[in-house]
Amino acid sequence: MSLPDGVTRRDFDGREGLATRGSPVYGEPTDGPWRRWDPNRSKLGAMLELGMETGLGGGESVLYLGAASGTTVSHVADVCGPTYAVEFAPRPARDLLDVAEDRGNLFPLLKDARKPRTYAHVVEAGLDVLVQDVATRGQARVAALNRQFLADDGRLLAAIKARSEDVTAAPEDVFESVLDELREEFEIVETERLEPYHADHLAVIARPR
Amino acid sequence: MTETSTDAAWFRGAESGDLATARDAIEHGSAAEPADWPMQAVEAGFADDEDDYYRLLHAATVNAAREAVRERERADDQQLRHGVRAMDDAERTANELAERAVEWAGTLFDEVSGGVEGAREIADRTPETTAEHRAVSLSRRVRELDDEAADLRAFIERTAPAVAPNLCEMAGPVLTARLVSLAGGLEPLAKMPSGTVQVLGAEDALFAHLAGRAPSPKHGVIFTHEYVHGTRPEDRGSAARAFAGKLAIAARIDHYSGDYRPEIHEELADRIATIRERGER
């Protein structure tokens with residue numbers, strides 16, 4: 001597999017790990033301009049670590065749903081072009097702002113990912129990548145609602161959290177039903193469980209139908 | 001077509017450096033679908049080129065998000081507390097005054113119905129005698145108070161999700177405000193054991209029980225929630241205990257972390273369903 005431009009493997013205190021160039025955000029180890037991308041704290045980081053074909057080459061335009069305090073989105077903005085980061089909760093958004101401050105290509109939006117109408121007047125159409133990391137029920141629906149921002153040859157990179165859909169059902173059953181729903185709008189390219197980095201998460205790479 | 005979609009763009013109506021207007025547009029605007037905003041902004045003369053557009057967009061979104069975060073954080077638990085107390089006072093006073101106004105108007109007009117609704121009808125009448133003037137005027141006060149109570153409720157519904165997102169999802173905005181108010185704030189609520197949360201608002205019954213005069217109360221103000229009053233009486237104690245347990249956890253997450261955790265809501269829904277199944281067997 002190929003890592004995107006701007007992502008590399010570096011040695012941090014004797015352990016090899018992914019890294020991007022940018023100002024440090026969450027106290028991660030750094031090596032000169034490089035800072036470690038911790039796959040245990042980032043589902044996208046885990047997808048790259050597991051060798052999934054994210055299709056990221058560097059420089060893409062991105063809509064990131066569920067940016068939280070900006071851990072992952074900071075690395076995305078280091079590597080990609082215009083990056084729109086949607087987060088609804090005010091407290092994590094405060095940390096996201098500190099991340100966005102230093103990154104001119106990162107646009108923070110305090111919006112609900114289930115209501116794309118409330119940010120369609122800011123986020124441009126025809127984006128290359130839709131990253132979805134929202135831990136809410138109806139994750140497939142959120143992806144379908146936000147498909148409109150994606151170019152026809154764009155990609156969905158989603159981390160589906162089983163426990164957000166149904167805490168009682170077996171994760172495998174939950175993933176199957178989420179994938180079924182996703183197939184209405186997307187063609188699934190690749191899926192992979194994110195163990196050991198994230199329990200009960202399924203990474204999905206898909207293209208719009 | 002292009003023109004109508006540009007109408008929706010966040011930069012429409014804003015000068016390039018006008019962050020306040022841009023903030024308003026970003027926060028309150030909407031569009032049915034996205035478009036190539038960078039290109040349209042350059043065409044509209046808002047930005048010189050694409051790089052300039054992204055520079056402006058960065059400044060505008062960071063500013064808008066910062067202001068929105070600040071505003072939502074200013075919505076604190078004490079405002080919620082005052083809001084819910086004022087709403088209760090306004091509702092109670094409106095009801096009391098309505099009784100008085102309706103009783104009076106009943107002696108002056110035909111076909112007067114009771115309560116606040118009755119007072120609202122009287123308020124629309126045109127009074128002729130001095131007595132009618134007074135009764136109608138009193139009814140108008142009732143109408144204003146009732147409107148005020150509705151506005152206060154709307155204020156609580158807007159404020160509660162920002163103050164306590166998880167509590168609000170679990171209990172609804174008004175019950176959230178009541179719990180925060182009874183506990184004296186979100187922090188004291190977060191520090192309460194779930195057994196205390198369970199009987200908040202049932203202090204009289206609790207102290208009667210502690211004095212050995214009554215059985216222990218099974219629920220306080222949380223009775224108003226469907227999870228409790230919608231469960232059959234034999235199982236209400238269990239439902240109230242499960243509900244209060246999760247409310248206590250939600251209050252702690254809201255106070256110490258502030259982010260939304262969907263898992264706990266699922267767990268509670270699941271637990272309540274299990275408790276209710278007992279009655280169906």
# chains A, B, ... in the order shown; residues from 1 in each chain; ligands from 1
call {"tool": "residues_around", "arguments": {"residues": "Arg103 of chain A", "least_positions_apart": "3", "cutoff": "9 Å", "atoms": "only C-alpha atoms", "output": "list in words"}}
result
Gly22, Ser23, Ser74, Ala77, Asp78, Val99, Ala100, Leu106 and Phe107 of chain A; His58 of chain B
call {"tool": "select_by_dssp", "arguments": {"residues": "segment 69-200 of chain A", "states": "strand (DSSP E)", "output": "short mmCIF file (atom, residue, chain, number, x, y, z; two decimals) with C-alpha atoms, in the first residue's frame"}}
result
data_model
loop_
_atom_site.label_atom_id
_atom_site.label_comp_id
_atom_site.auth_asym_id
_atom_site.auth_seq_id
_atom_site.Cartn_x
_atom_site.Cartn_y
_atom_site.Cartn_z
CA THR A 83 -10.37 20.55 5.01
CA TYR A 84 -13.83 21.25 6.41
CA ALA A 85 -14.18 19.98 9.98
CA VAL A 86 -17.69 19.52 11.39
CA GLU A 87 -18.19 19.09 15.13
CA LEU A 106 -8.69 23.83 8.15
CA PHE A 107 -12.19 25.28 8.44
CA PRO A 108 -13.98 24.47 11.71
CA LEU A 109 -17.78 24.38 11.67
CA LEU A 110 -19.89 24.02 14.81
CA LEU A 127 -14.90 17.18 -2.59
CA ASP A 128 -12.39 14.33 -2.96
CA VAL A 129 -12.84 12.72 0.44
CA LEU A 130 -15.60 12.38 3.03
CA VAL A 131 -14.28 11.19 6.36
CA GLN A 132 -16.93 10.06 8.78
CA LEU A 150 -18.56 14.29 -2.61
CA ALA A 151 -17.37 14.30 -6.24
CA ASP A 152 -18.54 11.34 -8.32
CA ASP A 153 -15.06 9.83 -8.14
CA GLY A 154 -14.62 10.80 -4.47
CA ARG A 155 -14.21 8.44 -1.55
CA LEU A 156 -15.95 7.79 1.71
CA LEU A 157 -13.67 6.80 4.58
CA ALA A 158 -15.86 5.81 7.48
CA ALA A 159 -15.24 4.33 10.91
CA ILE A 160 -18.43 2.58 11.98
CA LYS A 161 -18.81 2.14 15.70
CA PHE A 186 -22.24 3.79 -2.04
CA GLU A 187 -20.26 0.97 -3.54
CA ILE A 188 -18.16 -0.65 -0.81
CA VAL A 189 -14.52 -0.97 -1.83
CA GLU A 190 -12.89 -2.35 1.30
CA THR A 191 -13.74 -3.05 4.92
CA GLU A 192 -11.54 -3.97 7.85
CA ARG A 193 -11.92 -4.30 11.61
#
call {"tool": "interface_residues", "arguments": {"of": "chain A", "to": "chain B", "cutoff": "8 Å", "atoms": "only C-alpha atoms", "output": "JSON, numbers by chain"}}
result
{"A": [82, 89, 90, 91, 92, 93, 94, 97, 100, 101, 104, 105, 106, 107, 108, 109, 110, 117, 118, 119, 120, 121, 122, 123, 124, 125, 126, 135, 136, 137, 148, 149, 163, 164, 166, 167, 168]}
call {"tool": "atom_distance", "arguments": {"atom1": "atom CA of Met87 of chain B", "atom2": "atom CA of Ala149 of chain B"}}
result
5.0 Å
call {"tool": "select_by_dssp", "arguments": {"residues": "segment 30-203 of chain A", "states": "alpha helix (DSSP H)", "output": "ChimeraX atom specification"}}
result
/A:43-49,71-79,90-101,139-145,162-165,171-182
call {"tool": "residues_around", "arguments": {"residues": "segment 43-55 of chain A", "least_positions_apart": "3", "cutoff": "8 Å", "atoms": "only C-alpha atoms", "output": "number ranges by chain"}}
result
A: 1-4, 18, 37-40, 72, 133, 155, 157, 159, 190, 192, 194, 197-198, 203, 205
call {"tool": "atom_distance", "arguments": {"atom1": "atom CA of Arg36 of chain A", "atom2": "atom CA of Ser69 of chain A"}}
result
16.7 Å
call {"tool": "residues_around", "arguments": {"residues": "Gln79 of chain B", "least_positions_apart": "4", "cutoff": "10 Å", "atoms": "only C-alpha atoms", "output": "list of chain:residue names"}}
result
B:Arg74, B:Ala75, B:Gly83, B:Val84, B:Phe155, B:Ile156, B:Thr159, B:Ala160, B:Val163, B:Ala177, B:Ser181, B:Gly185
call {"tool": "atom_distance", "arguments": {"atom1": "atom CA of Gly70 of chain A", "atom2": "atom CA of Arg23 of chain B"}}
result
21.0 Å
call {"tool": "residues_around", "arguments": {"residues": "Asp110 of chain B", "least_positions_apart": "4", "cutoff": "12 Å", "atoms": "only C-alpha atoms", "output": "NGL selection string"}}
result
:B and (102-106 or 118 or 121-122 or 125)
call {"tool": "residues_around", "arguments": {"residues": "segment 273-277 of chain B", "least_positions_apart": "3", "cutoff": "12 Å", "atoms": "only C-alpha atoms", "output": "list in words"}}
result
Thr168 of chain A; Tyr227, Val228, His229, Gly230, Thr231, Arg232, Pro233, Glu234, Asp235, Arg236, Gly237, Ser238, Ala239, Ala240, Arg241, Ala242, Phe243, Glu266, Glu267, Leu268, Ala269, Asp270, Glu280 and Arg281 of chain B
